[in-house]
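The structure under discussion appears below in the form of structure tokens.
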Amino acid sequence: MRYILQKGYEMCGWKGLPFALRSPDPHFSEFFNREQYEVIFAMDGRHDIERDDLTEGQQRVFDILLDREVIRECADDERLEPWQEYKCFPAMYKNNCQWSITGRCNYNCRHCFMSAPDYKGEDLSLEQCIYILDEIHKCGIRCVALTGGEALVNPNFWDIVDEMKKRDIIMDTLYSNGELITEEVLEEFKKREMCPAMHFSFDGVGWHDWLRGIDGAEESVIRAFKLCREHGFQASSSMCLHKHNIGSLRDTVNLLAELGAVHLKMNVAAPEGRWADEKEHFITQDEAFNAIIDYLPQYVEDKMPLSVQFCGFIDFNKKGKYITFPSQRFSGEENAGKEYACGAVRSGMYISPTGMVLPCMTLGGTPVEKLFDNILEKPLSEILTDSWYRKMSLLKMGECIQHNEKCRDCKFALECGAGCRACACAGGKTDYLGIDKDCCDFFMKGWYKKAKELHDKYMPYMESL
């Protein structure tokens, strides 16, 4: 009997992970050993397969793939599409990329850590953008999120989108302030059979205009949310907390739920970029956490209208019906030190408006940025194979603990892992292995204990929804 992969699945691999099967959801790849993969190689319509002739391990893989309808019986003349056939990409595995296609913005945000309103650089040319897309494609990256600045101010936006489509690169998310989201923009995506998730900033009922520095910004983003709901585009949001909007949590969460948003991520506005000069509006992490605790009974009373990550304190995932703690990055088990220091950078990366390849957007403009390479000057495959970026991607959490004397004997070390690497570099610091103070405070000031108490208190409500 002959078998073949279903449409949408492809055989591929990367350096160090040569045996993978990528699903129609490009965010998901499964990895196998050589013996297991031999049976997957044979799912090309060319080979006769007898289950009884397979090893025990191969039989398990065969049965699972057949049960999940990843493979099917096929006629003798059926063959895989060329793009489904095996290829090995010349770089370490990366699943996704966030790319700032411009540093410019049409807003005047008080808290912009990129200082986009003051950005003096020029957008990369279309030719340079096409080159970047070629590099992304060569390395087997299928998902790209576009951001800025404001991505839609780039005059080559639709050309970039079309070049992505030519290379089967999926635009999975568009980050925007919403001002330029119109019915015509959404129709342009539909013409291309694209439906990226939309992520809009919304900084509190009554305070959005103030933080964004533009009259009518709140009205514009509400209109954008409504358009996405009407046209079937999923939308989520983020909110930067400061002294003035901290009292708007209930109104903001309920409005976003009414507008169809599926998720809200809150953060305390970081004293970086332009916001560093707005000290009179700062709010501390402790103040934010106390305000969140005060709001949670109302959140439950309102039946948890949407999923919310409340800063690094606590995360209520309504769809998945679970409550977690974002600052608890690791398991706490004895072998946790062998885990990678940053899980996100293992599968993703960020490309800045000038082409710098960084672990994440938050590192843009920091002193450590100069340690990394520019994709316009060095092939991405080399950056992902031999560079400071690769070294940081493979950094183990245990190395961060050993690097910081304060962490070595800390009882929370194997749960905290010294925190976020980008946050450790906040405020002009240059020690990539240093301590993330906010994460440290979450554990040392008793917020972790409080978060666990809230988990036990509210989890029955979550499960009852």
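Please note that chains go A, B, ... in the order of the structure tokens, that every chain numbers its residues from 1, and that ligands are numbered from 1 in the order shown.
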Tell me, which residues of stretch 310-369 of chain A carry DSSP strand (DSSP E), written as a list in words?
Phe310, Ile314, Asp315, Phe316, Asn317, Tyr322, Ile323, Thr324, Gly348, Met349, Tyr350, Ile351, Val357 and Leu358 of chain A
Write out, as a short mmCIF file (atom, residue, chain, number, x, y, z; two decimals), in the first residue's frame, the residues just selected, with N, CA, C and O atoms.
```
data_model
loop_
_atom_site.label_atom_id
_atom_site.label_comp_id
_atom_site.auth_asym_id
_atom_site.auth_seq_id
_atom_site.Cartn_x
_atom_site.Cartn_y
_atom_site.Cartn_z
N PHE A 310 -2.22 40.29 33.09
CA PHE A 310 -2.07 41.45 33.96
C PHE A 310 -0.59 41.65 34.28
O PHE A 310 -0.09 41.20 35.31
N ILE A 314 -0.15 38.10 36.79
CA ILE A 314 -1.02 36.94 36.65
C ILE A 314 -1.71 37.00 35.29
O ILE A 314 -1.98 38.08 34.76
N ASP A 315 -1.94 35.84 34.70
CA ASP A 315 -2.49 35.74 33.36
C ASP A 315 -3.74 34.86 33.40
O ASP A 315 -3.68 33.69 33.77
N PHE A 316 -4.87 35.45 33.03
CA PHE A 316 -6.14 34.72 32.95
C PHE A 316 -6.42 34.39 31.49
O PHE A 316 -6.71 35.29 30.70
N ASN A 317 -6.31 33.12 31.13
CA ASN A 317 -6.59 32.69 29.77
C ASN A 317 -7.97 32.04 29.73
O ASN A 317 -8.16 30.90 30.14
N TYR A 322 -7.17 28.49 32.01
CA TYR A 322 -6.08 28.33 32.96
C TYR A 322 -5.60 29.71 33.43
O TYR A 322 -5.85 30.73 32.79
N ILE A 323 -4.95 29.70 34.57
CA ILE A 323 -4.38 30.90 35.16
C ILE A 323 -2.91 30.62 35.42
O ILE A 323 -2.57 29.62 36.07
N THR A 324 -2.04 31.47 34.91
CA THR A 324 -0.60 31.26 35.08
C THR A 324 0.04 32.56 35.57
O THR A 324 -0.60 33.59 35.70
N GLY A 348 11.68 32.43 17.77
CA GLY A 348 11.41 33.66 17.05
C GLY A 348 12.59 34.62 17.05
O GLY A 348 13.61 34.39 17.71
N MET A 349 12.44 35.70 16.29
CA MET A 349 13.46 36.73 16.25
C MET A 349 12.81 38.04 15.84
O MET A 349 11.64 38.09 15.46
N TYR A 350 13.59 39.11 15.91
CA TYR A 350 13.10 40.44 15.56
C TYR A 350 14.07 41.10 14.59
O TYR A 350 15.29 40.99 14.75
N ILE A 351 13.52 41.78 13.57
CA ILE A 351 14.33 42.56 12.64
C ILE A 351 13.93 44.02 12.79
O ILE A 351 12.75 44.37 12.66
N VAL A 357 19.25 42.17 13.45
CA VAL A 357 18.59 40.93 13.88
C VAL A 357 18.81 40.77 15.38
O VAL A 357 19.93 40.56 15.84
N LEU A 358 17.71 40.87 16.14
CA LEU A 358 17.76 40.86 17.60
C LEU A 358 16.87 39.77 18.17
O LEU A 358 15.93 39.32 17.49
#
```
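Restricting the calculation to only C-alpha atoms, the smallest distance between A:Lys396 and any of A:Leu433, A:Cys410, A:Leu371, A:Ile64 is found for A:Leu433.
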Using only C-alpha atoms for the distances, tell me which of A:Ile246, A:Cys109, A:Cys12, A:Met392 is nearest to A:Cys139.
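Under the stated criterion, the closest residue is A:Cys12.
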Could you name the residues that touch A:Lys165 at 12 Å or less, counting only C-alpha atoms, but leaving out those on the same chain fewer than 2 positions away, as number ranges by chain?
A: 130, 133-134, 137, 142-144, 158-163, 167-172, 189, 191-194
Now that the selection is made, can you save its residues with C-alpha atoms as a PDB file, in the first residue's frame?
```pdb
ATOM      1  CA  ILE A 130      12.719  41.917  -0.869  1.00  0.00           C
ATOM      2  CA  LEU A 133      12.226  38.346   2.628  1.00  0.00           C
ATOM      3  CA  ASP A 134      14.485  36.145   0.506  1.00  0.00           C
ATOM      4  CA  HIS A 137      12.465  32.324   3.141  1.00  0.00           C
ATOM      5  CA  ARG A 142       7.034  30.851   7.383  1.00  0.00           C
ATOM      6  CA  CYS A 143       5.392  33.330   9.798  1.00  0.00           C
ATOM      7  CA  VAL A 144       6.171  37.042   9.845  1.00  0.00           C
ATOM      8  CA  TRP A 158       1.382  46.345  -0.071  1.00  0.00           C
ATOM      9  CA  ASP A 159       4.418  45.532  -2.210  1.00  0.00           C
ATOM     10  CA  ILE A 160       6.016  43.920   0.849  1.00  0.00           C
ATOM     11  CA  VAL A 161       2.818  41.989   1.570  1.00  0.00           C
ATOM     12  CA  ASP A 162       2.682  40.775  -2.046  1.00  0.00           C
ATOM     13  CA  GLU A 163       6.309  39.670  -1.945  1.00  0.00           C
ATOM     14  CA  ARG A 167       7.247  33.241  -1.055  1.00  0.00           C
ATOM     15  CA  ASP A 168       4.450  31.524   0.913  1.00  0.00           C
ATOM     16  CA  ILE A 169       5.381  33.590   3.956  1.00  0.00           C
ATOM     17  CA  ILE A 170       2.325  34.055   6.119  1.00  0.00           C
ATOM     18  CA  MET A 171       1.645  37.446   7.653  1.00  0.00           C
ATOM     19  CA  ASP A 172       0.233  36.200  10.910  1.00  0.00           C
ATOM     20  CA  PHE A 189      -6.094  41.630   2.624  1.00  0.00           C
ATOM     21  CA  LYS A 191      -8.223  40.063  -2.122  1.00  0.00           C
ATOM     22  CA  ARG A 192      -4.951  38.374  -1.287  1.00  0.00           C
ATOM     23  CA  GLU A 193      -6.725  35.643   0.721  1.00  0.00           C
ATOM     24  CA  MET A 194      -4.910  36.838   3.819  1.00  0.00           C
TER      25      MET A 194
END
```
Can you tell me, as a VMD selection string, what residues are no more than 8 Å from A:Ser238 when counting only C-alpha atoms, ignoring any on the same chain fewer than 6 positions away?
chain A and resid 199 to 203 264 to 267
Polymer residues at most 9 Å from A:Val39, only C-alpha atoms, same-chain spacing of 3 or more positions, as a PyMOL selection string:
chain A and resi 35-36+42-43+49+54+58-59+61-62
Between A:Val70, A:Leu146, A:Ala75, A:Val368, single out the one closest to A:Pro353, counting only C-alpha atoms.
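Once distances to A:Pro353 are computed over only C-alpha atoms, the minimum belongs to A:Leu146.
Among A:Pro305, A:Gly434, A:Gly417, A:Gly365, the residue with the shortest atom-to-atom distance to A:Glu333, counting only C-alpha atoms, is A:Gly417.
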Tell me which protein, DNA and RNA residues are within 9 Å of A:Ala270, counting only C-alpha atoms, leaving out same-chain ones fewer than 4 positions away, and put them as a VMD selection string.
chain A and resid 111 113 240 275 to 276 282 426
Keeping only all heavy atoms, write the selected residues as a PDB file, in the first residue's frame.
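This is the output file part23.pdb:
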```pdb
ATOM      1  N   HIS A 111       5.084  57.681  25.368  1.00  0.00           N
ATOM      2  CA  HIS A 111       5.840  56.589  25.985  1.00  0.00           C
ATOM      3  C   HIS A 111       6.617  55.748  24.980  1.00  0.00           C
ATOM      4  O   HIS A 111       7.094  54.668  25.329  1.00  0.00           O
ATOM      5  CB  HIS A 111       4.879  55.681  26.743  1.00  0.00           C
ATOM      6  CG  HIS A 111       3.951  54.905  25.843  1.00  0.00           C
ATOM      7  ND1 HIS A 111       3.243  55.495  24.844  1.00  0.00           N
ATOM      8  CD2 HIS A 111       3.650  53.579  25.800  1.00  0.00           C
ATOM      9  CE1 HIS A 111       2.528  54.571  24.220  1.00  0.00           C
ATOM     10  NE2 HIS A 111       2.761  53.403  24.782  1.00  0.00           N
ATOM     11  N   PHE A 113       9.125  53.748  23.270  1.00  0.00           N
ATOM     12  CA  PHE A 113      10.486  53.347  23.617  1.00  0.00           C
ATOM     13  C   PHE A 113      11.408  53.397  22.406  1.00  0.00           C
ATOM     14  O   PHE A 113      12.627  53.447  22.540  1.00  0.00           O
ATOM     15  CB  PHE A 113      10.500  51.955  24.265  1.00  0.00           C
ATOM     16  CG  PHE A 113      10.215  50.820  23.325  1.00  0.00           C
ATOM     17  CD1 PHE A 113      11.237  50.183  22.656  1.00  0.00           C
ATOM     18  CD2 PHE A 113       8.912  50.379  23.122  1.00  0.00           C
ATOM     19  CE1 PHE A 113      10.978  49.130  21.797  1.00  0.00           C
ATOM     20  CE2 PHE A 113       8.650  49.332  22.271  1.00  0.00           C
ATOM     21  CZ  PHE A 113       9.679  48.708  21.595  1.00  0.00           C
ATOM     22  N   CYS A 240      -0.598  50.103  28.113  1.00  0.00           N
ATOM     23  CA  CYS A 240       0.506  50.550  28.956  1.00  0.00           C
ATOM     24  C   CYS A 240      -0.057  51.309  30.155  1.00  0.00           C
ATOM     25  O   CYS A 240      -0.782  52.299  29.999  1.00  0.00           O
ATOM     26  CB  CYS A 240       1.454  51.454  28.171  1.00  0.00           C
ATOM     27  SG  CYS A 240       2.499  50.539  27.039  1.00  0.00           S
ATOM     28  N   TRP A 275       9.444  58.182  27.211  1.00  0.00           N
ATOM     29  CA  TRP A 275       8.778  58.088  28.510  1.00  0.00           C
ATOM     30  C   TRP A 275       9.733  58.341  29.666  1.00  0.00           C
ATOM     31  O   TRP A 275       9.309  58.676  30.778  1.00  0.00           O
ATOM     32  CB  TRP A 275       8.126  56.718  28.644  1.00  0.00           C
ATOM     33  CG  TRP A 275       7.164  56.557  29.785  1.00  0.00           C
ATOM     34  CD1 TRP A 275       7.314  55.727  30.863  1.00  0.00           C
ATOM     35  CD2 TRP A 275       5.897  57.199  29.979  1.00  0.00           C
ATOM     36  NE1 TRP A 275       6.226  55.803  31.698  1.00  0.00           N
ATOM     37  CE2 TRP A 275       5.337  56.709  31.172  1.00  0.00           C
ATOM     38  CE3 TRP A 275       5.180  58.145  29.239  1.00  0.00           C
ATOM     39  CZ2 TRP A 275       4.103  57.129  31.664  1.00  0.00           C
ATOM     40  CZ3 TRP A 275       3.948  58.562  29.721  1.00  0.00           C
ATOM     41  CH2 TRP A 275       3.417  58.065  30.918  1.00  0.00           C
ATOM     42  N   ALA A 276      11.019  58.206  29.428  1.00  0.00           N
ATOM     43  CA  ALA A 276      12.006  58.446  30.484  1.00  0.00           C
ATOM     44  C   ALA A 276      11.920  59.872  31.014  1.00  0.00           C
ATOM     45  O   ALA A 276      12.344  60.153  32.152  1.00  0.00           O
ATOM     46  CB  ALA A 276      13.406  58.159  29.967  1.00  0.00           C
ATOM     47  N   PHE A 282       4.767  58.252  36.085  1.00  0.00           N
ATOM     48  CA  PHE A 282       5.148  56.855  36.304  1.00  0.00           C
ATOM     49  C   PHE A 282       4.256  56.197  37.353  1.00  0.00           C
ATOM     50  O   PHE A 282       3.718  56.846  38.249  1.00  0.00           O
ATOM     51  CB  PHE A 282       6.591  56.757  36.803  1.00  0.00           C
ATOM     52  CG  PHE A 282       7.634  57.006  35.755  1.00  0.00           C
ATOM     53  CD1 PHE A 282       7.293  57.422  34.476  1.00  0.00           C
ATOM     54  CD2 PHE A 282       8.977  56.827  36.046  1.00  0.00           C
ATOM     55  CE1 PHE A 282       8.262  57.657  33.514  1.00  0.00           C
ATOM     56  CE2 PHE A 282       9.953  57.058  35.098  1.00  0.00           C
ATOM     57  CZ  PHE A 282       9.600  57.471  33.832  1.00  0.00           C
ATOM     58  N   ALA A 426      17.359  46.821  30.557  1.00  0.00           N
ATOM     59  CA  ALA A 426      16.608  48.079  30.598  1.00  0.00           C
ATOM     60  C   ALA A 426      17.424  49.158  31.298  1.00  0.00           C
ATOM     61  O   ALA A 426      18.304  48.873  32.122  1.00  0.00           O
ATOM     62  CB  ALA A 426      15.278  47.873  31.322  1.00  0.00           C
TER      63      ALA A 426
END
```
Which residue is closest to A:Trp83? Choose from A:Arg46, A:Glu10, A:Trp99, A:Cys195 and count only C-alpha atoms.
A:Glu10
Under the rule that only C-alpha atoms are counted, which of A:Arg72, A:Lys452, A:Arg212, A:Lys318 is the nearest residue to A:Met239?
A:Arg212
Tell me, as a list in words, which residues lie within 12 Å of A:Pro18, counting only C-alpha atoms; anything in the same chain fewer than 3 positions away does not count.
Met11, Cys12, Gly13, Trp14, Lys15, Leu21, Ser29, Glu30, Phe31, Phe32, Asn33, Arg34, Tyr37, Tyr86, Lys87, Cys88, Phe89, Pro90, Ala91, Met92 and Tyr93 of chain A
So how many Å separate atom CA of A:Gly149 and atom CA of A:Met356, to one decimal?
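Atom CA of A:Gly149 sits 15.1 Å away from atom CA of A:Met356.
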Have a look at atom CA of A:Lys226 and atom CA of A:Asn108 and let me know their distance in Å, one decimal.
23.4 Å
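The gap separating atom CA of A:Lys429 from atom CA of A:Pro367 is 7.1 Å, in Å to one decimal.
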Enumerate, as a ChimeraX atom specification, the complete set of residues in stretch 172-224 of chain A that a backbone-based DSSP assignment places in alpha helix (DSSP H).
/A:183-191,208-212,217-224
Would you write out, as a Markdown table, a table of all residues in stretch 98-208 of chain A that have an atom no more than 10 Å from an atom of stretch 374-385 of chain A, listing for each the closest atom pair and the distance in Å to one decimal, considering only C-alpha atoms and ordering rows by chain and rising residue number?
```
| residue | atom | partner | partner_atom | distance |
| --- | --- | --- | --- | --- |
| A:Gln128 | CA | A:Leu376 | CA | 7.5 |
| A:Cys129 | CA | A:Leu376 | CA | 9.5 |
| A:Tyr131 | CA | A:Leu376 | CA | 8.0 |
| A:Ile132 | CA | A:Ile375 | CA | 7.0 |
| A:Asp134 | CA | A:Leu380 | CA | 9.7 |
| A:Glu135 | CA | A:Leu380 | CA | 5.9 |
| A:Ile136 | CA | A:Leu380 | CA | 7.2 |
| A:His137 | CA | A:Leu380 | CA | 10.0 |
| A:Lys138 | CA | A:Ser381 | CA | 7.8 |
| A:Cys139 | CA | A:Ser381 | CA | 6.3 |
| A:Gly140 | CA | A:Ser381 | CA | 10.0 |
```
Keeping only N, CA and C atoms, take the residues you just selected and write them out as an mmCIF file, in the first residue's frame.
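Just written: out.cif:
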```
data_model
loop_
_atom_site.group_PDB
_atom_site.id
_atom_site.type_symbol
_atom_site.label_atom_id
_atom_site.label_comp_id
_atom_site.auth_asym_id
_atom_site.auth_seq_id
_atom_site.Cartn_x
_atom_site.Cartn_y
_atom_site.Cartn_z
ATOM 1 N N GLN A 128 15.664 46.316 -0.745
ATOM 2 C CA GLN A 128 16.233 45.806 0.495
ATOM 3 C C GLN A 128 15.221 44.941 1.247
ATOM 4 N N CYS A 129 13.963 45.336 1.221
ATOM 5 C CA CYS A 129 12.916 44.542 1.879
ATOM 6 C C CYS A 129 12.750 43.188 1.194
ATOM 7 N N TYR A 131 15.068 41.607 -0.417
ATOM 8 C CA TYR A 131 16.256 40.830 -0.022
ATOM 9 C C TYR A 131 16.041 40.199 1.354
ATOM 10 N N ILE A 132 15.500 40.965 2.303
ATOM 11 C CA ILE A 132 15.244 40.435 3.648
ATOM 12 C C ILE A 132 14.254 39.278 3.583
ATOM 13 N N ASP A 134 13.773 37.292 1.077
ATOM 14 C CA ASP A 134 14.485 36.145 0.506
ATOM 15 C C ASP A 134 15.301 35.431 1.575
ATOM 16 N N GLU A 135 15.960 36.203 2.438
ATOM 17 C CA GLU A 135 16.756 35.613 3.507
ATOM 18 C C GLU A 135 15.874 34.858 4.503
ATOM 19 N N ILE A 136 14.743 35.437 4.830
ATOM 20 C CA ILE A 136 13.787 34.777 5.731
ATOM 21 C C ILE A 136 13.316 33.458 5.125
ATOM 22 N N HIS A 137 12.973 33.510 3.841
ATOM 23 C CA HIS A 137 12.465 32.324 3.141
ATOM 24 C C HIS A 137 13.536 31.241 3.067
ATOM 25 N N LYS A 138 14.780 31.606 2.788
ATOM 26 C CA LYS A 138 15.870 30.628 2.689
ATOM 27 C C LYS A 138 16.081 29.885 4.003
ATOM 28 N N CYS A 139 15.755 30.529 5.104
ATOM 29 C CA CYS A 139 15.974 29.927 6.416
ATOM 30 C C CYS A 139 14.743 29.181 6.933
ATOM 31 N N GLY A 140 13.716 29.080 6.090
ATOM 32 C CA GLY A 140 12.566 28.255 6.435
ATOM 33 C C GLY A 140 11.601 28.894 7.408
#
```
